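Enquirer: data.cif is reproduced in full below (mmCIF, C-alpha atoms).
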data_structure
#
loop_
_atom_site.label_atom_id
_atom_site.label_comp_id
_atom_site.auth_asym_id
_atom_site.auth_seq_id
_atom_site.Cartn_x
_atom_site.Cartn_y
_atom_site.Cartn_z
CA MET A 1098 75.82 91.40 89.06
CA ALA A 1099 76.60 90.49 92.67
CA LYS A 1100 78.12 87.21 91.50
CA ALA A 1101 80.29 89.04 88.97
CA ASN A 1102 81.44 91.48 91.67
CA ASP A 1103 82.31 88.60 94.00
CA LEU A 1104 84.33 86.96 91.23
CA ILE A 1105 86.15 90.22 90.47
CA PHE A 1106 86.91 90.77 94.16
CA THR A 1107 88.21 87.24 94.67
CA SER A 1108 90.51 87.55 91.66
CA LEU A 1109 91.57 91.02 92.87
CA LYS A 1110 92.43 89.56 96.27
CA ILE A 1111 94.61 86.89 94.66
CA VAL A 1112 96.33 89.40 92.36
CA THR A 1113 97.04 91.89 95.18
CA TRP A 1114 98.44 89.11 97.39
CA ILE A 1115 100.72 87.90 94.57
CA ILE A 1116 101.97 91.45 93.87
CA PHE A 1117 102.40 92.07 97.62
CA VAL A 1118 104.50 88.93 98.07
CA GLY A 1119 106.56 89.85 94.99
CA LEU A 1120 107.18 93.37 96.28
CA CYS A 1121 108.09 92.02 99.73
CA ILE A 1122 110.65 89.69 98.16
CA GLU A 1123 112.09 92.59 96.14
CA ALA A 1124 112.21 94.93 99.17
CA GLY A 1125 113.65 92.18 101.36
CA GLY A 1126 116.30 91.35 98.77
CA LEU A 1127 117.29 95.00 98.49
CA VAL A 1128 117.47 95.43 102.30
CA VAL A 1129 119.65 92.32 102.68
CA ASN A 1130 121.89 93.55 99.84
CA PHE A 1131 122.13 96.95 101.50
CA ILE A 1132 123.23 95.43 104.82
CA PHE A 1133 125.75 93.20 103.03
CA SER A 1134 127.14 96.13 101.03
CA LEU A 1135 127.72 98.03 104.30
CA TYR A 1136 130.02 95.34 105.68
CA ASN A 1137 131.37 93.78 102.51
CA PRO A 1138 132.00 96.27 99.66
CA GLU A 1139 132.83 93.39 97.31
CA PHE A 1140 129.12 92.60 97.32
CA VAL A 1141 128.27 95.87 95.53
CA ARG A 1142 129.30 94.25 92.25
CA ASN A 1143 126.43 91.80 92.44
CA LEU A 1144 123.38 93.40 94.02
CA TYR A 1145 119.72 92.40 93.71
CA GLN A 1146 118.78 91.27 90.17
CA LYS A 1147 122.41 91.59 88.98
CA LEU A 1148 122.47 95.29 89.72
CA ASP A 1149 126.09 96.35 89.43
CA LEU A 1150 126.75 99.66 91.18
CA SER A 1151 130.45 99.05 91.83
CA GLU A 1152 131.50 101.95 89.56
CA MET A 1153 129.27 104.37 91.49
CA TYR A 1154 130.49 102.95 94.81
CA ASN A 1155 134.14 103.38 93.85
CA ARG A 1156 133.64 106.98 92.64
CA SER A 1157 131.57 108.18 95.61
CA LYS A 1158 130.20 106.21 98.51
CA PHE A 1159 127.84 109.07 99.39
CA ILE A 1160 126.18 109.01 95.96
CA PHE A 1161 125.98 105.21 96.02
CA PHE A 1162 124.25 105.17 99.42
CA SER A 1163 121.93 108.07 98.44
CA MET A 1164 120.79 106.37 95.24
CA TYR A 1165 120.50 103.01 96.96
CA SER A 1166 118.43 104.63 99.73
CA PHE A 1167 116.05 105.98 97.06
CA ILE A 1168 115.69 102.47 95.59
CA LEU A 1169 115.21 100.97 99.05
CA VAL A 1170 112.63 103.49 100.29
CA ILE A 1171 110.63 103.34 97.05
CA SER A 1172 110.48 99.53 97.08
CA ILE A 1173 109.53 99.43 100.79
CA LEU A 1174 106.81 102.03 100.20
CA LYS A 1175 105.47 99.98 97.28
CA ALA A 1176 105.33 96.90 99.52
CA VAL A 1177 103.52 98.87 102.27
CA LEU A 1178 101.10 100.28 99.67
CA PHE A 1179 100.17 96.79 98.53
CA TYR A 1180 99.93 95.62 102.15
CA ILE A 1181 97.24 98.28 102.78
CA LEU A 1182 95.58 97.29 99.50
CA THR A 1183 95.47 93.61 100.53
CA LEU A 1184 93.99 94.65 103.90
CA LEU A 1185 91.39 96.77 102.13
CA VAL A 1186 90.42 94.08 99.64
CA SER A 1187 90.16 91.41 102.35
CA LYS A 1188 88.24 93.53 104.87
CA ILE A 1189 85.80 95.36 102.60
CA ASN A 1190 82.19 94.23 102.92
CA LEU A 1191 80.40 94.89 99.65
CA SER A 1192 76.94 94.89 101.25
CA ASN A 1193 77.97 97.77 103.54
CA PRO A 1194 81.19 99.29 102.18
CA PHE A 1195 80.82 102.80 103.61
CA ASN A 1196 82.61 102.66 106.93
CA LYS A 1197 85.38 104.68 108.51
CA SER A 1198 88.14 102.07 108.29
CA VAL A 1199 87.70 101.65 104.50
CA SER A 1200 87.69 105.42 104.03
CA LYS A 1201 90.83 105.74 106.17
CA GLN A 1202 92.61 103.02 104.20
CA ILE A 1203 91.76 104.61 100.84
CA THR A 1204 93.14 107.94 102.12
CA ARG A 1205 96.31 106.18 103.33
CA ILE A 1206 96.69 104.52 99.92
CA SER A 1207 96.54 107.94 98.26
CA TYR A 1208 99.23 109.32 100.61
CA TYR A 1209 101.53 106.37 100.01
CA THR A 1210 100.99 106.58 96.24
CA LEU A 1211 101.83 110.28 96.28
CA SER A 1212 104.96 109.62 98.38
CA ILE A 1213 106.12 106.96 95.92
CA GLY A 1214 105.42 109.27 92.97
CA LEU A 1215 107.25 112.25 94.48
CA LEU A 1216 110.22 110.16 95.65
CA SER A 1217 110.49 108.46 92.24
CA TYR A 1218 110.39 111.86 90.53
CA LEU A 1219 113.07 113.22 92.87
CA ALA A 1220 115.21 110.14 92.37
CA ARG A 1221 114.88 110.38 88.59
CA GLN A 1222 115.88 114.04 88.58
CA THR A 1223 118.85 113.25 90.84
CA ALA A 1224 119.85 110.39 88.54
CA ASN A 1225 119.61 112.69 85.50
CA ASN A 1226 121.87 115.20 87.25
CA LEU A 1227 124.35 112.45 88.02
CA GLN A 1228 124.34 111.42 84.37
CA HIS A 1229 125.70 114.89 83.50
CA HIS A 1230 128.59 114.16 85.85
CA GLY A 1231 129.45 110.99 83.97
CA TYR A 1232 127.70 108.39 86.11
CA SER A 1233 126.06 105.48 84.37
CA ILE A 1234 122.51 105.32 85.73
CA ASP A 1235 120.64 103.47 82.96
CA ILE A 1236 120.41 100.34 85.11
CA LEU A 1237 118.51 102.28 87.80
CA ASP A 1238 115.74 103.52 85.48
CA GLN A 1239 113.57 100.47 86.20
CA PHE A 1240 113.12 101.60 89.82
CA TRP A 1241 111.55 105.00 89.04
CA ALA A 1242 110.23 104.72 85.49
CA ASP A 1243 106.60 105.40 86.45
CA SER A 1244 106.81 108.44 88.77
CA GLN A 1245 104.25 110.55 86.86
CA ALA A 1246 101.80 107.66 86.72
CA PHE A 1247 102.03 107.34 90.52
CA ILE A 1248 101.43 111.07 91.05
CA LEU A 1249 98.40 111.00 88.73
CA MET A 1250 97.11 107.86 90.44
CA ALA A 1251 97.53 109.53 93.85
CA ALA A 1252 95.39 112.46 92.70
CA VAL A 1253 92.64 110.16 91.41
CA ILE A 1254 92.68 108.01 94.58
CA TYR A 1255 92.58 111.14 96.76
CA VAL A 1256 89.44 112.36 94.96
CA ILE A 1257 87.88 108.91 95.42
CA ALA A 1258 88.86 108.99 99.12
CA ILE A 1259 87.14 112.36 99.61
CA ILE A 1260 83.97 111.15 97.86
CA PHE A 1261 84.11 107.97 99.96
CA SER A 1262 84.49 109.87 103.23
CA ARG A 1263 81.40 111.96 102.29
CA GLY A 1264 79.63 108.66 101.59
CA VAL A 1265 80.58 107.44 105.07
CA GLU A 1266 79.15 110.65 106.59
CA LEU A 1267 75.87 110.15 104.69
CA GLN A 1268 75.74 106.50 105.73
CA THR A 1269 76.30 107.41 109.40
CA GLU A 1270 73.59 110.06 109.16
CA ASN A 1271 71.25 107.54 107.60
CA ASP A 1272 72.05 104.96 110.29
CA LEU A 1273 71.33 107.50 113.03
CA THR A 1274 67.99 108.55 111.53
CA VAL A 1275 65.13 106.91 113.41
CA MET B 60 73.72 119.31 120.15
CA SER B 61 71.20 122.04 121.04
CA ILE B 62 68.17 119.79 120.44
CA ILE B 63 67.38 117.74 123.53
CA VAL B 64 65.20 114.64 123.37
CA ASN B 65 62.92 114.31 126.38
CA LEU B 66 61.57 110.91 125.44
CA ASP B 67 62.56 109.37 128.79
CA VAL B 68 60.64 112.13 130.64
CA MET B 69 57.46 111.50 128.63
CA MET B 70 57.86 107.73 129.02
CA ALA B 71 58.16 108.17 132.80
CA LYS B 72 55.07 110.41 132.83
CA ARG B 73 53.05 107.78 130.93
CA LYS B 74 54.70 104.99 132.97
CA MET B 75 55.73 103.19 129.81
CA SER B 76 58.82 101.04 129.36
CA LEU B 77 61.13 101.15 126.34
CA ASN B 78 60.08 97.63 125.36
CA GLU B 79 56.39 98.54 125.42
CA LEU B 80 56.96 101.71 123.41
CA SER B 81 59.10 99.84 120.92
CA GLU B 82 56.28 97.32 120.35
CA LYS B 83 53.59 99.99 120.04
CA VAL B 84 55.57 102.33 117.78
CA ASP B 85 56.99 99.46 115.72
CA LEU B 86 60.60 100.63 116.11
CA THR B 87 63.57 98.49 117.10
CA LEU B 88 64.89 98.80 120.65
CA SER B 89 68.28 99.93 119.36
CA ASN B 90 66.73 102.75 117.30
CA LEU B 91 64.61 103.88 120.27
CA SER B 92 67.70 103.75 122.45
CA ILE B 93 69.60 105.93 119.92
CA LEU B 94 66.74 108.44 120.09
CA LYS B 95 66.49 108.32 123.89
CA THR B 96 70.21 108.82 124.47
CA GLY B 97 70.35 111.78 122.09
CA LYS B 98 72.67 110.09 119.60
CA ALA B 99 70.15 110.38 116.74
CA LYS B 100 71.03 112.78 113.91
CA ALA B 101 67.46 113.02 112.57
CA ILE B 102 63.94 111.82 113.21
CA ARG B 103 61.36 110.99 110.56
CA PHE B 104 57.95 112.70 110.78
CA SER B 105 56.34 109.25 110.66
CA THR B 106 58.35 108.14 113.74
CA LEU B 107 57.53 111.37 115.58
CA GLU B 108 53.86 110.97 114.71
CA ALA B 109 53.79 107.38 115.98
CA ILE B 110 55.55 108.30 119.26
CA CYS B 111 53.22 111.27 119.84
CA LYS B 112 50.19 109.05 119.12
CA VAL B 113 51.30 106.34 121.59
CA LEU B 114 52.45 108.73 124.31
CA ASP B 115 49.51 111.08 123.70
CA CYS B 116 51.65 114.20 123.57
CA GLN B 117 52.88 116.98 121.25
CA PRO B 118 56.24 116.96 119.39
CA GLY B 119 57.31 119.83 121.66
CA ASP B 120 56.95 117.57 124.67
CA ILE B 121 59.57 115.23 123.21
CA LEU B 122 61.92 117.71 121.55
CA GLU B 123 63.36 120.78 123.22
CA TYR B 124 65.76 123.46 121.97
CA LYS B 125 68.42 124.78 124.33
CA ARG B 126 70.78 127.53 123.25
CA THR B 127 74.41 126.56 123.76
CA VAL B 128 77.07 129.20 124.21
CA LYS B 129 80.15 128.62 122.04
CA LYS B 130 83.42 129.11 123.90
#
Take the structure in the file and give it back as structure tokens.
Expert:
Amino acid sequence: MAKANDLIFTSLKIVTWIIFVGLCIEAGGLVVNFIFSLYNPEFVRNLYQKLDLSEMYNRSKFIFFSMYSFILVISILKAVLFYILTLLVSKINLSNPFNKSVSKQITRISYYTLSIGLLSYLARQTANNLQHHGYSIDILDQFWADSQAFILMAAVIYVIAIIFSRGVELQTENDLTV
Amino acid sequence: MSIIVNLDVMMAKRKMSLNELSEKVDLTLSNLSILKTGKAKAIRFSTLEAICKVLDCQPGDILEYKRTVKK
């Protein structure tokens, strides 16, 4: 059982690192594109992953920057979320997992997940409103397709974090019983 | 906490060191230190019994309750 857990944790570490690096590249690409689009509007035609927002930029710069900020913040938050996850997976000690730092990190993960979920939901609603005004926003759907899943996941992780923090209290009590 | 541990007082009365008590009670030095400094959250009856036996005293000699006024 312990061997199986070790194997699962090692593979989890590798997977989280790969996803973290991928998300960092995506967030970095979007940030660089954002900076370029500030100084060179011609660049808006060919953003990260062939994202063409030139029509939106020409109609309203405010809407372009608002929607791009949503994309940027969501992708940065996703990268931060996976950074905390990589820290958690690398630092956790399975023989004594109930300690304050692990509990704190699980709580932080739930907050970040909720933030991503709420922001994605808000962005999607804003995008839907813009669609009524004739904007083409289909290309942006990929950035906030899973808002409800994130909100649900945040709720589940928060419950786990509360149970874990109670576990830490019990462990501390047990450690201080002589 | 309102419960005060007077283990150091009893040890001084019996002229016993922490090391000696730890050997006789079969408790680790760190656990005895936790108890002596008042950081312990709980004490097992078996531990209390062993300490009382070695120090030849009553549980009341080791543990004391002091009412604290909440501000």
Enquirer: Taking all atoms listed in the file into account, find every residue of chain B that has an atom no more than 12 Å from chain A, and write it out as a count of residues only.
Expert: 27
Enquirer: Skip stretch 1161-1174 of chain A itself and residues of its chain fewer than 5 positions away, then list as a ChimeraX atom specification all residues within 9 Å of it, counting all atoms listed in the file.
Expert: /A:1120-1121,1123-1125,1127-1128,1131,1150-1151,1153-1156,1179,1209-1210,1212-1214,1216-1217,1219-1220,1223-1224,1237,1240-1241
Enquirer: Find the residues around stretch 1258-1265 of chain A up to 7 Å (all atoms listed in the file counted), leave out those fewer than 5 positions away in its own chain, and share them as a list in words.
Expert: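 So, after excluding close chain neighbours, the residues are Phe1195, Asn1196, Lys1197, Ser1200, Ile1203 and Thr1204 of chain A.
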Enquirer: Keeping only C-alpha atoms, write those residues as a JSON list (two decimals), in the frame of the given file.
Expert:
[["chain", "number", "residue", "atom", "x", "y", "z"],
["A", 1195, "PHE", "CA", 80.82, 102.80, 103.61],
["A", 1196, "ASN", "CA", 82.61, 102.66, 106.93],
["A", 1197, "LYS", "CA", 85.38, 104.68, 108.51],
["A", 1200, "SER", "CA", 87.69, 105.42, 104.03],
["A", 1203, "ILE", "CA", 91.76, 104.61, 100.84],
["A", 1204, "THR", "CA", 93.14, 107.94, 102.12]]
Enquirer: Once the PyMOL selection byres ((chain B and resi 68-79) around 8) has been applied to the shown file, what residues remain in the selection, as a list in words?
Expert: Asn65, Leu66, Asp67, Leu80, Ser81, Glu82, Lys83, Leu88, Leu91, Leu114, Asp120 and Ile121 of chain B
Enquirer: Mind giving me the straight-line distance from atom CA of A:Thr1183 to atom CA of A:Phe1117 in Å, one decimal?
Expert: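 Interatomic distance, atom CA of A:Thr1183 to atom CA of A:Phe1117: 7.7 Å.
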Enquirer: Kindly resolve the PyMOL selection byres ((chain A and resi 1182) around 12) on the present coordinates and return the residues as a PyMOL selection string.
Expert: chain A and resi 1109-1117+1175-1181+1183-1189+1199+1201-1207+1209-1210
Enquirer: For the selection just defined, write its residues with C-alpha atoms to a file, as a short mmCIF file (atom, residue, chain, number, x, y, z; two decimals), keeping the file's coordinate frame.
Expert:
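Wrote again.cif, looks like this:
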data_model
loop_
_atom_site.label_atom_id
_atom_site.label_comp_id
_atom_site.auth_asym_id
_atom_site.auth_seq_id
_atom_site.Cartn_x
_atom_site.Cartn_y
_atom_site.Cartn_z
CA LEU A 1109 91.57 91.02 92.87
CA LYS A 1110 92.43 89.56 96.27
CA ILE A 1111 94.61 86.89 94.66
CA VAL A 1112 96.33 89.40 92.36
CA THR A 1113 97.04 91.89 95.18
CA TRP A 1114 98.44 89.11 97.39
CA ILE A 1115 100.72 87.90 94.57
CA ILE A 1116 101.97 91.45 93.87
CA PHE A 1117 102.40 92.07 97.62
CA LYS A 1175 105.47 99.98 97.28
CA ALA A 1176 105.33 96.90 99.52
CA VAL A 1177 103.52 98.87 102.27
CA LEU A 1178 101.10 100.28 99.67
CA PHE A 1179 100.17 96.79 98.53
CA TYR A 1180 99.93 95.62 102.15
CA ILE A 1181 97.24 98.28 102.78
CA THR A 1183 95.47 93.61 100.53
CA LEU A 1184 93.99 94.65 103.90
CA LEU A 1185 91.39 96.77 102.13
CA VAL A 1186 90.42 94.08 99.64
CA SER A 1187 90.16 91.41 102.35
CA LYS A 1188 88.24 93.53 104.87
CA ILE A 1189 85.80 95.36 102.60
CA VAL A 1199 87.70 101.65 104.50
CA LYS A 1201 90.83 105.74 106.17
CA GLN A 1202 92.61 103.02 104.20
CA ILE A 1203 91.76 104.61 100.84
CA THR A 1204 93.14 107.94 102.12
CA ARG A 1205 96.31 106.18 103.33
CA ILE A 1206 96.69 104.52 99.92
CA SER A 1207 96.54 107.94 98.26
CA TYR A 1209 101.53 106.37 100.01
CA THR A 1210 100.99 106.58 96.24
#
Enquirer: If you measure from atom CA of A:Ala1242 to atom CA of A:Gln1228, what distance in Å do you get, rounded to one decimal?
Expert: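 Between atom CA of A:Ala1242 and atom CA of A:Gln1228 the gap works out to 15.7 Å.
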